[in-house]
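Quick look at protein_32.pdb (PDB, C-alpha atoms):
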ATOM      1  CA  MET A   1      17.108   8.180 107.919
ATOM      2  CA  ILE A   2      14.632   9.235 105.233
ATOM      3  CA  SER A   3      17.419  10.928 103.256
ATOM      4  CA  THR A   4      19.624   7.873 103.601
ATOM      5  CA  LEU A   5      16.810   5.650 102.328
ATOM      6  CA  VAL A   6      16.384   7.979  99.336
ATOM      7  CA  ASP A   7      20.104   7.598  98.565
ATOM      8  CA  GLU A   8      19.938   3.797  98.827
ATOM      9  CA  VAL A   9      16.819   3.682  96.650
ATOM     10  CA  GLU A  10      18.602   5.703  93.982
ATOM     11  CA  ARG A  11      21.633   3.400  94.090
ATOM     12  CA  ASP A  12      19.375   0.389  93.699
ATOM     13  CA  ALA A  13      17.435   2.052  90.871
ATOM     14  CA  ALA A  14      20.690   2.830  89.056
ATOM     15  CA  TRP A  15      21.736  -0.799  89.399
ATOM     16  CA  ARG A  16      18.364  -1.936  88.043
ATOM     17  CA  ARG A  17      18.779   0.387  85.053
ATOM     18  CA  GLY A  18      22.246  -1.037  84.412
ATOM     19  CA  GLU A  19      23.893   2.307  85.148
ATOM     20  CA  ALA A  20      25.832   1.220  88.215
ATOM     21  CA  HIS A  21      28.292  -1.580  88.949
ATOM     22  CA  GLY A  22      28.356  -3.753  92.023
ATOM     23  CA  ALA A  23      25.815  -5.914  93.792
ATOM     24  CA  GLU A  24      22.114  -5.361  94.092
ATOM     25  CA  ASN A  25      21.293  -3.708  97.416
ATOM     26  CA  ALA A  26      17.564  -4.445  97.597
ATOM     27  CA  GLU A  27      18.009  -6.102 100.982
ATOM     28  CA  THR A  28      19.540  -2.940 102.412
ATOM     29  CA  VAL A  29      16.680  -0.891 100.993
ATOM     30  CA  ALA A  30      14.133  -3.336 102.426
ATOM     31  CA  GLN A  31      15.611  -3.155 105.924
ATOM     32  CA  MET A  32      15.857   0.628 105.853
ATOM     33  CA  ALA A  33      12.269   0.911 104.612
ATOM     34  CA  TRP A  34      11.078  -0.965 107.717
ATOM     35  CA  VAL A  35      12.932   1.487 109.948
ATOM     36  CA  VAL A  36      11.617   4.554 108.109
ATOM     37  CA  ALA A  37       8.080   3.110 108.083
ATOM     38  CA  GLN A  38       8.030   3.151 111.896
ATOM     39  CA  PHE A  39       8.194   6.968 111.871
ATOM     40  CA  GLU A  40       4.777   7.166 110.142
ATOM     41  CA  ASP A  41       6.016  10.457 108.660
ATOM     42  CA  PRO A  42       4.399  11.780 105.437
ATOM     43  CA  ARG A  43       7.791  13.191 104.422
ATOM     44  CA  ALA A  44       8.862   9.593 103.817
ATOM     45  CA  VAL A  45       6.303   8.887 101.062
ATOM     46  CA  GLU A  46       8.661   9.289  98.110
ATOM     47  CA  ALA A  47      11.392   7.258  99.807
ATOM     48  CA  LEU A  48       8.970   4.449 100.644
ATOM     49  CA  VAL A  49       7.528   4.449  97.129
ATOM     50  CA  GLY A  50      11.064   4.142  95.835
ATOM     51  CA  ALA A  51      11.510   1.091  98.059
ATOM     52  CA  LEU A  52       8.479  -0.727  96.632
ATOM     53  CA  GLY A  53       9.473  -4.061  95.180
ATOM     54  CA  THR A  54      12.009  -4.771  97.915
ATOM     55  CA  GLY A  55       9.793  -6.092 100.681
ATOM     56  CA  ALA A  56       6.923  -5.483 103.068
ATOM     57  CA  GLY A  57       8.377  -2.457 104.873
ATOM     58  CA  ALA A  58       7.571  -0.019 102.095
ATOM     59  CA  ILE A  59       4.043  -1.411 101.687
ATOM     60  CA  TRP A  60       3.370  -1.226 105.428
ATOM     61  CA  GLY A  61       4.817   2.271 105.703
ATOM     62  CA  LEU A  62       2.718   3.679 102.880
ATOM     63  CA  ALA A  63      -0.455   2.000 104.098
ATOM     64  CA  THR A  64      -0.116   3.459 107.591
ATOM     65  CA  LEU A  65       0.035   6.998 106.211
ATOM     66  CA  GLY A  66      -3.304   6.918 104.448
ATOM     67  CA  ASP A  67      -4.313   9.668 102.024
ATOM     68  CA  PRO A  68      -0.900  11.423 101.721
ATOM     69  CA  ALA A  69       0.547   8.224 100.219
ATOM     70  CA  VAL A  70      -2.029   7.778  97.455
ATOM     71  CA  GLY A  71      -0.698   9.902  94.585
ATOM     72  CA  ALA A  72       2.844   8.534  94.565
ATOM     73  CA  THR A  73       1.667   4.958  95.142
ATOM     74  CA  VAL A  74      -0.781   5.209  92.239
ATOM     75  CA  ALA A  75       2.084   6.423  90.048
ATOM     76  CA  ALA A  76       4.145   3.395  91.100
ATOM     77  CA  ALA A  77       1.242   1.088  90.213
ATOM     78  CA  ARG A  78       1.401   2.553  86.695
ATOM     79  CA  THR A  79       5.067   1.594  86.237
ATOM     80  CA  ARG A  80       5.462   0.170  82.748
ATOM     81  CA  GLU A  81       8.941  -1.204  82.264
ATOM     82  CA  GLY A  82      12.328  -1.804  83.777
ATOM     83  CA  ARG A  83      14.060  -4.401  85.891
ATOM     84  CA  GLY A  84      11.906  -5.339  88.865
ATOM     85  CA  SER A  85       8.860  -3.441  87.599
ATOM     86  CA  THR A  86       6.468  -6.333  88.259
ATOM     87  CA  ASP A  87       7.427  -6.414  91.949
ATOM     88  CA  ILE A  88       6.989  -2.640  92.155
ATOM     89  CA  ILE A  89       3.531  -2.815  90.578
ATOM     90  CA  THR A  90       2.279  -5.699  92.706
ATOM     91  CA  ASP A  91       3.609  -4.065  95.893
ATOM     92  CA  ALA A  92       1.971  -0.755  94.928
ATOM     93  CA  LEU A  93      -1.359  -2.473  94.259
ATOM     94  CA  LEU A  94      -1.164  -4.213  97.619
ATOM     95  CA  ALA A  95      -0.423  -0.917  99.392
ATOM     96  CA  LEU A  96      -3.369   0.671  97.576
ATOM     97  CA  ARG A  97      -5.616  -2.191  98.652
ATOM     98  CA  PHE A  98      -4.668  -1.619 102.281
ATOM     99  CA  LEU A  99      -5.305   2.112 101.813
ATOM    100  CA  ALA A 100      -8.708   1.356 100.269
ATOM    101  CA  GLU A 101      -9.471  -0.832 103.281
ATOM    102  CA  GLY A 102      -8.963   2.242 105.455
ATOM    103  CA  VAL A 103      -5.978   1.164 107.520
ATOM    104  CA  GLY A 104      -4.130   4.485 107.265
ATOM    105  CA  ARG A 105      -4.073   7.302 109.780
ATOM    106  CA  VAL A 106      -5.642   9.730 107.273
ATOM    107  CA  PRO A 107      -8.803   8.499 105.493
ATOM    108  CA  LEU A 108      -8.890   8.601 101.702
ATOM    109  CA  SER A 109     -10.434  11.688 100.173
ATOM    110  CA  PRO A 110     -12.993  11.273  97.371
ATOM    111  CA  SER A 111     -10.379  12.392  94.804
ATOM    112  CA  SER A 112      -7.853   9.871  96.133
ATOM    113  CA  ARG A 113     -10.443   7.103  95.947
ATOM    114  CA  GLU A 114     -11.072   8.108  92.322
ATOM    115  CA  GLN A 115      -7.336   7.810  91.588
ATOM    116  CA  VAL A 116      -7.194   4.371  93.172
ATOM    117  CA  THR A 117     -10.288   3.246  91.256
ATOM    118  CA  ALA A 118      -8.779   4.502  87.999
ATOM    119  CA  VAL A 119      -5.518   2.597  88.437
ATOM    120  CA  ALA A 120      -7.398  -0.566  89.440
ATOM    121  CA  ARG A 121      -9.376  -0.284  86.201
ATOM    122  CA  GLU A 122      -6.167   0.230  84.190
ATOM    123  CA  ARG A 123      -4.602  -2.869  85.718
ATOM    124  CA  LEU A 124      -7.666  -4.945  84.852
ATOM    125  CA  GLU A 125      -7.398  -3.974  81.186
ATOM    126  CA  PRO A 126      -5.489  -5.916  78.498
ATOM    127  CA  LYS A 127      -2.681  -6.706  78.402
ATOM    128  CA  GLN A 128      -0.941  -7.055  81.723
ATOM    129  CA  PRO A 129       2.551  -8.572  81.557
ATOM    130  CA  TYR A 130       1.966 -11.083  84.367
ATOM    131  CA  VAL A 131      -0.962 -12.811  86.071
ATOM    132  CA  SER A 132       0.316 -11.614  89.473
ATOM    133  CA  ILE A 133      -0.508  -8.031  88.494
ATOM    134  CA  LEU A 134      -3.999  -8.977  87.367
ATOM    135  CA  ARG A 135      -4.618 -10.886  90.584
ATOM    136  CA  ARG A 136      -3.566  -7.945  92.771
ATOM    137  CA  ALA A 137      -5.804  -5.688  90.656
ATOM    138  CA  ILE A 138      -8.753  -8.020  91.284
ATOM    139  CA  ASP A 139      -8.139  -7.856  95.047
ATOM    140  CA  LEU A 140      -8.069  -4.054  94.901
ATOM    141  CA  ALA A 141     -11.111  -3.807  92.634
ATOM    142  CA  VAL A 142     -13.354  -5.852  94.914
ATOM    143  CA  VAL A 143     -12.267  -3.957  98.035
ATOM    144  CA  LEU A 144     -13.172  -0.671  96.316
ATOM    145  CA  ASP A 145     -16.695  -2.024  95.716
ATOM    146  CA  ASP A 146     -17.086  -0.014  92.509
ATOM    147  CA  PRO A 147     -19.911  -1.438  90.341
ATOM    148  CA  GLY A 148     -17.931  -1.117  87.115
ATOM    149  CA  LEU A 149     -14.893  -2.846  88.579
ATOM    150  CA  ARG A 150     -17.010  -5.597  90.102
ATOM    151  CA  ALA A 151     -18.572  -6.221  86.697
ATOM    152  CA  ILE A 152     -15.113  -6.738  85.186
ATOM    153  CA  VAL A 153     -14.156  -9.103  88.015
ATOM    154  CA  ALA A 154     -17.436 -10.996  87.538
ATOM    155  CA  ALA A 155     -16.636 -11.440  83.842
ATOM    156  CA  ILE A 156     -13.180 -12.768  84.767
ATOM    157  CA  ALA A 157     -14.707 -15.160  87.297
ATOM    158  CA  ALA A 158     -17.179 -16.499  84.750
ATOM    159  CA  ASP A 159     -14.944 -17.021  81.733
ATOM    160  CA  PRO A 160     -11.261 -18.071  81.446
ATOM    161  CA  ALA A 161     -11.158 -16.304  78.073
ATOM    162  CA  GLU A 162     -11.576 -13.014  79.932
ATOM    163  CA  VAL A 163      -8.354 -13.747  81.798
ATOM    164  CA  GLU A 164      -6.543 -14.813  78.650
ATOM    165  CA  ALA A 165      -7.539 -11.565  76.973
ATOM    166  CA  ARG A 166      -5.999  -9.533  79.780
ATOM    167  CA  VAL A 167      -2.580 -11.185  80.168
ATOM    168  CA  GLU A 168       0.404 -11.500  77.865
ATOM    169  CA  ASN A 169       1.401 -15.119  77.238
ATOM    170  CA  PRO A 170      -1.106 -16.672  79.660
ATOM    171  CA  SER A 171      -0.583 -20.216  80.900
ATOM    172  CA  LYS A 172      -3.466 -22.542  81.680
ATOM    173  CA  ARG A 173      -2.417 -22.701  85.331
ATOM    174  CA  GLY A 174      -2.051 -18.921  85.569
ATOM    175  CA  VAL A 175      -5.456 -18.332  84.012
ATOM    176  CA  GLU A 176      -7.139 -20.657  86.490
ATOM    177  CA  TRP A 177      -5.240 -19.079  89.409
ATOM    178  CA  VAL A 178      -6.576 -15.646  88.470
ATOM    179  CA  ARG A 179     -10.102 -16.880  87.779
ATOM    180  CA  GLU A 180     -10.238 -18.654  91.143
ATOM    181  CA  ALA A 181      -9.164 -15.452  92.874
ATOM    182  CA  ALA A 182     -11.988 -13.552  91.172
ATOM    183  CA  VAL A 183     -14.522 -16.170  92.274
ATOM    184  CA  GLU A 184     -13.248 -16.085  95.868
ATOM    185  CA  ARG A 185     -13.267 -12.285  96.120
ATOM    186  CA  LEU A 186     -16.801 -12.007  94.765
ATOM    187  CA  SER A 187     -17.953 -14.660  97.239
ATOM    188  CA  GLY A 188     -16.541 -12.655 100.143
ATOM    189  CA  VAL A 189     -13.245 -14.451 100.786
ATOM    190  CA  PRO A 190     -10.821 -11.678 101.805
ATOM    191  CA  PRO A 191      -7.545 -11.369  99.927
ATOM    192  CA  LEU A 192      -4.174 -12.208 101.426
ATOM    193  CA  PRO A 193      -2.105 -10.902 103.033
ATOM    194  CA  ARG A 194      -4.450  -9.311 105.547
ATOM    195  CA  TRP A 195      -3.545  -6.098 107.291
ATOM    196  CA  SER A 196      -1.890  -6.159 110.687
ATOM    197  CA  ARG A 197      -0.171  -3.429 112.645
ATOM    198  CA  ARG A 198       2.522  -6.058 113.267
ATOM    199  CA  TRP A 199       2.652  -7.206 109.633
TER     200      TRP A 199
END

Could you write out this file's structure as structure tokens?
Amino acid sequence: MISTLVDEVERDAAWRRGEAHGAENAETVAQMAWVVAQFEDPRAVEALVGALGTGAGAIWGLATLGDPAVGATVAAARTREGRGSTDIITDALLALRFLAEGVGRVPLSPSSREQVTAVARERLEPKQPYVSILRRAIDLAVVLDDPGLRAIVAAIAADPAEVEARVENPSKRGVEWVREAAVERLSGVPPLPRWSRRW
């Protein structure tokens, strides 16, 4: 099943790159990712990372694994371009937030936590392509409880210009959406979605 998911992920990636004809098969990848996630097998990390951007199965599967999933998920959160890249990044940041919350079977090592903190910082820096990425980065940053990251989130919460400086082509509504999220996280309102073994 893991090998089959890898094959489907590659077909979908080729379609996204414009190298393959036919219909998008993200739905197939999403359904297979849910099945593979149930195994809770570290050998599935690369396949599940490849399925990020297609649905909750890949996120759930990576989060359940804990530390073994960090490196590849961090790499996905650093995706820069390509069709569907925003969905991949936001899914990766959500999976990393769950990992930072400690939901996985294997706790994060200090070096893994450093990697997660580094990518959260990168995704809080100018200029992110979409406000959704910045918002997921804020959720992750506050969960990590790193003083430097919290200071950045506090600046975002206090000043809409801090949001505008961090997003390409910001809209007034998008800026306020991000700023409100920063205020809520700093006040202790947990981000959504929340973790569930049945999620």

Result set, the PyMOL selection byres ((chain A and resi 157) around 6) on current file, as a ChimeraX atom specification: /A:154-156,158-159,179,182-183

Kindly resolve the PyMOL selection byres ((chain A and resi 166) around 6) on the present coordinates and return the residues as a list in words. Glu125, Pro126, Lys127, Gln128, Val163, Glu164, Ala165 and Val167 of chain A

To one decimal place in Å, what is the distance between CA of Pro193 (chain A) and CA of Phe98 (chain A)?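 Between CA of Pro193 (chain A) and CA of Phe98 (chain A) the gap works out to 9.7 Å.
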
Report as a list in words the residues that result from applying the PyMOL selection byres ((chain A and resi 67) around 8) to the structure here.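 The output of the PyMOL selection byres ((chain A and resi 67) around 8) on this file is Leu65, Gly66, Pro68, Ala69, Val70, Leu99, Gly104, Val106, Pro107, Leu108, Ser109 and Ser112 of chain A.
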
What does the structure give for the distance between CA of Val29 (chain A) and CA of Asp91 (chain A), in Å to one decimal?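 Spanning CA of Val29 (chain A) to CA of Asp91 (chain A) is a straight-line distance of 14.4 Å.
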
Compare A:Val49, A:Val175, A:Ala33, A:Val116 by their minimum atom-to-atom distance to Val74 (chain A), counting all atoms listed in the file, and give me the closest one.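 Looking at the shortest contact to Val74 (chain A), the residue is A:Val116.
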